[in-house]
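What follows is one structure encoded as structure tokens, with my remarks underneath.
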Amino acid sequence: MTTTVALAGSTGSIGTQTIEVVEAEPDRYEIVALGATGRNLDLLAEQVEAVRPKVVAIADAAFVEAARDRLPGVEIRVGTEGLASLGGEADVCVNGVVGFAGLEVTLATLLAGRRLALANKESLIAGGPVVQRARRTPGAELVPVDSEHGALHQCLRSRDETGPARVAALVLTASGGPFRGRTKADLASVTVDDALAHPTWSMGPKITVDSSTLMNKGLEVIEANELFGEPAGEHGVGIGFDEIDVVVHPQSVVHSMVTYTDGSTIAQLSMPTMCLPIGYALAWPDRSAAPFGAIDWTSLSRLDFEPPDHDAFPCLGLAYAAGRAGGVAPAWLNAANEEAVDAFLHGGIAWADIAAVCATVLDRHEPGVPADVEDVIAADREARLAARSVMGLASRPQEPR
Ligand code: MG
């Protein structure tokens with residue numbers, strides 16, 4: 001039987017790799033819907049030609065007219081709502097949207113009782129309590145498309161799911177990014193190009209900068225807690241932030257590990273490619289028939305591990321603090337980080353200021369637990385205003401959501 005796939009964020013790094021995975025098993029999957037901002041209409045038009053989806057969503061209204069011209073005869077849906085509607089169009093929705101803009105796709109997919117293949121970690125981090133409620137919708141499933149969490153998902157399958165979880169720790173690996181081994185003083189003058197030169201992973205600019213600050217790993221700690229921690233009892237394995245560890249592993253071959261109470265550690269290994277976790281989330285509970293990132297053991301010579309440097313990379317500690325605070329704190333941290341990274345990429349602040357801005361904004365957050373999506377959006381907005389004021393930037397015109 002064919003699995004139908006909706007793909008939100010089709011022109012991004014996750015989107016193009018999802019199409020690669022689907023093309024490797026064309027009889028198994030059918031992409032029925034594509035969604036993108038509309039900024040890269042050339043690539044989107046190519047994808048529509050190749051995939052022939054029933055529906056296309058253009059998230060940014062500014063590109064809708066041009067999209068209608070380029071894609072005659074295709075049903076086009078518009079805006080955040082149009083993009084979110086893709087969540088109910090297929091068996092699986094891959095959410096490869098960048099940043100907080102992915103929240104509605106996450107919620108709509110879960111509330112439609114479909115499987116969410118989640119690459120947009122920001123929606124889970126910022127929307128935590130609201131997303132957890134949506135996960136309880138009958139039929140809803142969440143399979144992470146993040147190499148670390150895909151690895152944890154696999155490692156957790158070695159437990160007896162009918163008995164106690166017996167998990168002692170989740171160990172997230174971090175490549176360390178381009179600045180591994182540098183001191184705080186070394187990092188005072190790094191440039192945008194330096195930050196974008198990731199040694200092992202090829203990804204979009206936002207997540208690549210997050211990798212250089214270790215904010216990506218920090219957000220992944222919160223993501224791991226949301227996916228597998230307490231109090232989400234029905235999904236959790238009884239761990240909290242004290243049981244989530246980070247270890248730097250520069251080769252990016254061990255994607256994460258689970259240590260059980262008897263002392264055993266189970267790890268998942270493969271060469272770095274997002275096609276593997278994408279294929280895992282599409283095929284789950286089965287596996288892909290096509291291999292991605294299989295290891296050649298004749299050329300893999302060593303695997304190194306070292307503790308993270310919290311002094312040089314304070315974003316990691318900030319994320320633990322926001323995660324432990326819970327409620328809207330992760331939403332504030334995520335929003336502050338998105339604004340700071342955007343300012344850094346546009347030359348507005350220095351690399352080291354990203355952590356400083358995040359720390360100041362997180363300090364200012366008003367604690368509270370979001371009751372609904374409006375509360376999450378309000379927290380996100382307030383944090384962005386605070387971040388922009390801390391950076392001395394004018395606030396942006398509010399974008400319609
Ligand atoms: Mg990751």
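Going by the structure tokens order, chains are called A, B, ..., each with residues numbered from 1, while ligands are numbered from 1 in the order shown.
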
Need to verify the contact set: Ile125 in chain A, 8 Å, only C-alpha atoms, exclusion of same-chain residues closer than 4 positions in sequence. Can you return it as a PyMOL selection string? chain A and resi 121+219+222-223+226+330-331+334

Shell around Leu282 in chain A at 12 Å using only C-alpha atoms, local window under 6 positions removed, as a PyMOL selection string: chain A and resi 2-7+18-19+21-22+25+28-31+90-95+114-118+141-145+150+275-276+288-289

Take the residues that were just selected and, keeping N, CA and C atoms, output them as a tab-separated table (two decimals), in the first residue's frame.
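Full text of part-v4.tsv as output:
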```
chain	number	residue	atom	x	y	z
A	2	THR	N	0.46	2.24	-0.77
A	2	THR	CA	1.26	3.47	-0.85
A	2	THR	C	1.00	4.35	0.37
A	3	THR	N	2.06	4.91	0.91
A	3	THR	CA	1.94	5.90	1.98
A	3	THR	C	1.92	7.28	1.33
A	4	THR	N	0.88	8.07	1.64
A	4	THR	CA	0.85	9.43	1.08
A	4	THR	C	1.59	10.38	2.01
A	5	VAL	N	2.29	11.34	1.39
A	5	VAL	CA	3.17	12.24	2.13
A	5	VAL	C	2.83	13.69	1.78
A	6	ALA	N	2.68	14.52	2.81
A	6	ALA	CA	2.60	15.98	2.62
A	6	ALA	C	3.93	16.55	3.09
A	7	LEU	N	4.45	17.52	2.34
A	7	LEU	CA	5.79	18.03	2.64
A	7	LEU	C	5.75	19.54	2.82
A	18	THR	N	13.81	14.97	1.56
A	18	THR	CA	12.61	14.12	1.64
A	18	THR	C	12.24	13.63	0.24
A	19	ILE	N	12.33	14.52	-0.73
A	19	ILE	CA	12.01	14.11	-2.11
A	19	ILE	C	12.99	13.04	-2.58
A	21	VAL	N	14.46	10.80	-0.67
A	21	VAL	CA	14.07	9.55	0.00
A	21	VAL	C	12.86	8.92	-0.69
A	22	VAL	N	11.88	9.74	-1.02
A	22	VAL	CA	10.68	9.24	-1.69
A	22	VAL	C	11.04	8.68	-3.07
A	25	GLU	N	12.22	5.06	-3.24
A	25	GLU	CA	11.21	3.99	-3.17
A	25	GLU	C	9.89	4.50	-3.76
A	28	ARG	N	6.48	3.00	-2.99
A	28	ARG	CA	6.07	2.96	-1.59
A	28	ARG	C	5.41	4.25	-1.13
A	29	TYR	N	5.89	5.38	-1.69
A	29	TYR	CA	5.42	6.70	-1.23
A	29	TYR	C	4.87	7.52	-2.39
A	30	GLU	N	3.91	8.38	-2.03
A	30	GLU	CA	3.40	9.33	-3.01
A	30	GLU	C	3.28	10.70	-2.33
A	31	ILE	N	3.97	11.70	-2.86
A	31	ILE	CA	3.86	13.05	-2.31
A	31	ILE	C	2.62	13.70	-2.90
A	90	ALA	N	-2.48	13.91	4.13
A	90	ALA	CA	-1.72	12.70	3.82
A	90	ALA	C	-1.58	11.82	5.05
A	91	ASP	N	-1.06	10.61	4.85
A	91	ASP	CA	-0.79	9.71	5.99
A	91	ASP	C	0.28	10.30	6.90
A	92	VAL	N	1.31	10.89	6.27
A	92	VAL	CA	2.43	11.47	7.02
A	92	VAL	C	2.63	12.90	6.55
A	93	CYS	N	2.85	13.81	7.48
A	93	CYS	CA	3.25	15.15	7.08
A	93	CYS	C	4.67	15.39	7.59
A	94	VAL	N	5.57	15.71	6.67
A	94	VAL	CA	6.95	16.06	7.04
A	94	VAL	C	6.96	17.57	7.28
A	95	ASN	N	7.29	17.97	8.52
A	95	ASN	CA	7.38	19.40	8.81
A	95	ASN	C	8.83	19.83	8.77
A	114	ARG	N	-2.86	12.44	12.29
A	114	ARG	CA	-1.93	11.87	11.32
A	114	ARG	C	-0.54	11.74	11.93
A	115	ARG	N	0.36	11.11	11.18
A	115	ARG	CA	1.74	11.02	11.66
A	115	ARG	C	2.50	12.29	11.27
A	116	LEU	N	3.17	12.86	12.27
A	116	LEU	CA	4.01	14.03	12.06
A	116	LEU	C	5.47	13.58	12.05
A	117	ALA	N	6.13	13.77	10.91
A	117	ALA	CA	7.58	13.55	10.82
A	117	ALA	C	8.21	14.91	11.08
A	118	LEU	N	8.70	15.11	12.30
A	118	LEU	CA	9.00	16.47	12.76
A	118	LEU	C	10.48	16.83	12.65
A	141	GLU	N	0.64	10.59	15.68
A	141	GLU	CA	1.95	10.01	16.02
A	141	GLU	C	2.99	11.08	15.75
A	142	LEU	N	4.06	11.08	16.55
A	142	LEU	CA	5.14	12.02	16.30
A	142	LEU	C	6.43	11.21	16.20
A	143	VAL	N	7.03	11.23	15.03
A	143	VAL	CA	8.33	10.58	14.86
A	143	VAL	C	9.34	11.68	14.51
A	144	PRO	N	10.37	11.85	15.35
A	144	PRO	CA	11.29	12.97	15.12
A	144	PRO	C	12.16	12.78	13.89
A	145	VAL	N	12.34	13.88	13.13
A	145	VAL	CA	13.32	13.89	12.04
A	145	VAL	C	14.43	14.84	12.46
A	150	GLY	N	15.99	10.85	16.23
A	150	GLY	CA	15.73	9.64	15.45
A	150	GLY	C	16.57	8.50	16.01
A	275	CYS	N	18.83	12.00	5.20
A	275	CYS	CA	17.95	11.07	4.48
A	275	CYS	C	17.60	9.86	5.36
A	276	LEU	N	18.52	9.45	6.23
A	276	LEU	CA	18.24	8.29	7.08
A	276	LEU	C	17.12	8.58	8.09
A	288	SER	N	13.22	1.72	5.96
A	288	SER	CA	13.46	1.96	4.55
A	288	SER	C	14.14	0.75	3.93
A	289	ALA	N	13.79	0.45	2.68
A	289	ALA	CA	14.50	-0.60	1.96
A	289	ALA	C	15.76	-0.05	1.33
```

Figure out the distance between CA of Thr273 in chain A and CA of Asn40 in chain A, please, to one decimal in Å.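 Separation of CA of Asn40 in chain A and CA of Thr273 in chain A: 23.0 Å.
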
Would you compute the distance between CA of Asp375 in chain A and CA of Glu339 in chain A? Give it in Å to one decimal.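 Pair CA of Asp375 in chain A / CA of Glu339 in chain A returns 19.1 Å.
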
What's the separation between CA of Arg302 in chain A and CA of Ala290 in chain A, in Å to one decimal place?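 A separation of 26.0 Å between them.
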
Can you pull out every residue with an atom within 10 Å of ligand 1? Use only C-alpha atoms and all ligand atoms and format it as a PyMOL selection string. chain A and resi 119+121+144-151+172-175+201+207+211+216-217+219-220+223+255-256+274

Would you mind writing down, as JSON, numbers by chain, each residue of range 125-333 of chain A that DSSP on the backbone assigns to helix (DSSP H, G or I)? {"A": [125, 126, 128, 129, 130, 131, 132, 133, 134, 135, 147, 148, 149, 150, 151, 152, 153, 154, 155, 156, 157, 158, 186, 187, 188, 189, 192, 193, 194, 195, 196, 205, 206, 207, 208, 209, 210, 211, 212, 213, 215, 216, 217, 218, 219, 220, 221, 222, 223, 224, 225, 226, 227, 228, 241, 242, 243, 275, 276, 277, 278, 279, 280, 281, 282, 283, 315, 316, 317, 318, 319, 320, 321, 322, 323, 324, 325, 329, 330, 331, 332, 333]}

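Shortest separation to Ala383 in chain A among A:Trp332, A:Ala281, A:Thr265, A:Ala343 occurs at residue A:Trp332, atoms counted being only C-alpha atoms.
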
From A:Gly279, A:Pro205, A:Met391, A:Thr213, residue lying nearest Pro291 in chain A [only C-alpha atoms]: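 Among A:Gly279, A:Pro205, A:Met391, A:Thr213, it is A:Gly279 that comes nearest to Pro291 in chain A.
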
Give me the range 320-360 of chain A side of the contact with range 311-315 of chain A, cut-off 9 Å, one line per residue showing its nearest atom pair and distance in Å at one decimal, counting only C-alpha atoms, sorted by chain and residue number, as JSON lines.
```
{"residue": "A:Tyr320", "atom": "CA", "partner": "A:Cys315", "partner_atom": "CA", "distance": 8.8}
{"residue": "A:Ala352", "atom": "CA", "partner": "A:Phe313", "partner_atom": "CA", "distance": 8.9}
{"residue": "A:Ile354", "atom": "CA", "partner": "A:Cys315", "partner_atom": "CA", "distance": 8.4}
{"residue": "A:Ala355", "atom": "CA", "partner": "A:Cys315", "partner_atom": "CA", "distance": 5.5}
{"residue": "A:Ala356", "atom": "CA", "partner": "A:Pro314", "partner_atom": "CA", "distance": 8.6}
{"residue": "A:Cys358", "atom": "CA", "partner": "A:Cys315", "partner_atom": "CA", "distance": 7.8}
{"residue": "A:Ala359", "atom": "CA", "partner": "A:Cys315", "partner_atom": "CA", "distance": 8.2}
```

To test your reading of the structure, identify every residue in range 163-303 of chain A that backbone DSSP assigns to strand (DSSP E or B), and report it as a ChimeraX atom specification. /A:167-174,229,239,244-248,254-260,265-269

Please list as a ChimeraX atom specification every residue within 10 Å of Leu333 in chain A, counting only C-alpha atoms and excluding residues in the same chain fewer than 5 positions away. /A:125-126,215,219,315,318-319,321-323,328,338,357-363,365,380,383-384,387

Could you pull the residues within 12 Å of Val55 in chain A, counting only C-alpha atoms, minus those fewer than 4 positions along the same chain, as a PyMOL selection string? chain A and resi 5-8+31-36+48+51+71-78+82-83+85-90

Hey, can you spit out that residue selection with N, CA, C and O atoms as a tab-separated table (two decimals), in the first residue's frame?
```
chain	number	residue	atom	x	y	z
A	5	VAL	N	2.29	11.34	1.39
A	5	VAL	CA	3.17	12.24	2.13
A	5	VAL	C	2.83	13.69	1.78
A	5	VAL	O	2.69	14.04	0.60
A	6	ALA	N	2.68	14.52	2.81
A	6	ALA	CA	2.60	15.98	2.62
A	6	ALA	C	3.93	16.55	3.09
A	6	ALA	O	4.48	16.10	4.10
A	7	LEU	N	4.45	17.52	2.34
A	7	LEU	CA	5.79	18.03	2.64
A	7	LEU	C	5.75	19.54	2.82
A	7	LEU	O	5.61	20.29	1.84
A	8	ALA	N	5.85	19.99	4.07
A	8	ALA	CA	5.87	21.42	4.36
A	8	ALA	C	7.32	21.87	4.49
A	8	ALA	O	8.09	21.29	5.24
A	31	ILE	N	3.97	11.70	-2.86
A	31	ILE	CA	3.86	13.05	-2.31
A	31	ILE	C	2.62	13.70	-2.90
A	31	ILE	O	2.51	13.86	-4.11
A	32	VAL	N	1.64	14.05	-2.04
A	32	VAL	CA	0.37	14.59	-2.53
A	32	VAL	C	0.25	16.09	-2.29
A	32	VAL	O	-0.65	16.73	-2.81
A	33	ALA	N	1.14	16.64	-1.47
A	33	ALA	CA	1.05	18.07	-1.17
A	33	ALA	C	2.43	18.63	-0.89
A	33	ALA	O	3.25	17.99	-0.23
A	34	LEU	N	2.68	19.82	-1.42
A	34	LEU	CA	3.94	20.52	-1.16
A	34	LEU	C	3.62	21.89	-0.57
A	34	LEU	O	2.63	22.53	-0.97
A	35	GLY	N	4.45	22.34	0.35
A	35	GLY	CA	4.28	23.68	0.90
A	35	GLY	C	5.63	24.35	1.04
A	35	GLY	O	6.63	23.69	1.36
A	36	ALA	N	5.69	25.65	0.75
A	36	ALA	CA	6.94	26.40	0.86
A	36	ALA	C	6.60	27.86	1.09
A	36	ALA	O	5.44	28.27	0.96
A	48	VAL	N	7.15	20.65	-8.38
A	48	VAL	CA	5.76	20.40	-8.78
A	48	VAL	C	5.74	19.58	-10.07
A	48	VAL	O	4.96	18.64	-10.22
A	51	VAL	N	6.92	15.95	-9.03
A	51	VAL	CA	6.13	15.21	-8.03
A	51	VAL	C	4.64	15.18	-8.38
A	51	VAL	O	3.94	14.24	-8.01
A	71	LEU	N	2.49	28.15	-11.72
A	71	LEU	CA	1.92	26.82	-11.50
A	71	LEU	C	0.45	26.76	-11.95
A	71	LEU	O	-0.45	26.55	-11.14
A	72	PRO	N	0.20	26.96	-13.24
A	72	PRO	CA	-1.19	26.96	-13.70
A	72	PRO	C	-1.83	25.58	-13.50
A	72	PRO	O	-1.17	24.55	-13.64
A	73	GLY	N	-3.10	25.57	-13.13
A	73	GLY	CA	-3.82	24.30	-12.98
A	73	GLY	C	-3.57	23.59	-11.67
A	73	GLY	O	-4.09	22.50	-11.46
A	74	VAL	N	-2.76	24.18	-10.77
A	74	VAL	CA	-2.50	23.55	-9.48
A	74	VAL	C	-3.31	24.26	-8.41
A	74	VAL	O	-3.40	25.49	-8.41
A	75	GLU	N	-3.94	23.48	-7.49
A	75	GLU	CA	-4.66	24.12	-6.38
A	75	GLU	C	-3.65	24.77	-5.44
A	75	GLU	O	-2.76	24.09	-4.92
A	76	ILE	N	-3.79	26.08	-5.24
A	76	ILE	CA	-2.84	26.79	-4.37
A	76	ILE	C	-3.56	27.30	-3.13
A	76	ILE	O	-4.62	27.93	-3.22
A	77	ARG	N	-3.00	26.97	-1.97
A	77	ARG	CA	-3.52	27.49	-0.70
A	77	ARG	C	-2.52	28.51	-0.16
A	77	ARG	O	-1.33	28.39	-0.41
A	78	VAL	N	-3.05	29.45	0.62
A	78	VAL	CA	-2.24	30.62	0.95
A	78	VAL	C	-2.05	30.79	2.46
A	78	VAL	O	-2.97	30.54	3.24
A	82	GLY	N	-3.02	28.02	5.06
A	82	GLY	CA	-2.90	27.15	3.89
A	82	GLY	C	-1.82	26.10	4.10
A	82	GLY	O	-2.00	24.92	3.79
A	83	LEU	N	-0.70	26.55	4.66
A	83	LEU	CA	0.41	25.62	4.92
A	83	LEU	C	-0.02	24.57	5.95
A	83	LEU	O	0.21	23.37	5.77
A	85	SER	N	-2.91	23.48	6.58
A	85	SER	CA	-3.95	22.56	6.07
A	85	SER	C	-3.33	21.33	5.42
A	85	SER	O	-3.99	20.30	5.28
A	86	LEU	N	-2.06	21.39	5.06
A	86	LEU	CA	-1.40	20.23	4.45
A	86	LEU	C	-1.34	19.07	5.44
A	86	LEU	O	-1.26	17.90	5.05
A	87	GLY	N	-1.35	19.40	6.75
A	87	GLY	CA	-1.24	18.38	7.80
A	87	GLY	C	-2.33	17.31	7.72
A	87	GLY	O	-2.12	16.19	8.16
A	88	GLY	N	-3.48	17.67	7.17
A	88	GLY	CA	-4.58	16.70	7.08
A	88	GLY	C	-4.70	16.06	5.72
A	88	GLY	O	-5.67	15.35	5.46
A	89	GLU	N	-3.73	16.29	4.84
A	89	GLU	CA	-3.85	15.84	3.44
A	89	GLU	C	-3.24	14.47	3.16
A	89	GLU	O	-3.40	13.94	2.08
A	90	ALA	N	-2.48	13.91	4.13
A	90	ALA	CA	-1.72	12.70	3.82
A	90	ALA	C	-1.58	11.82	5.05
A	90	ALA	O	-1.91	12.23	6.16
```
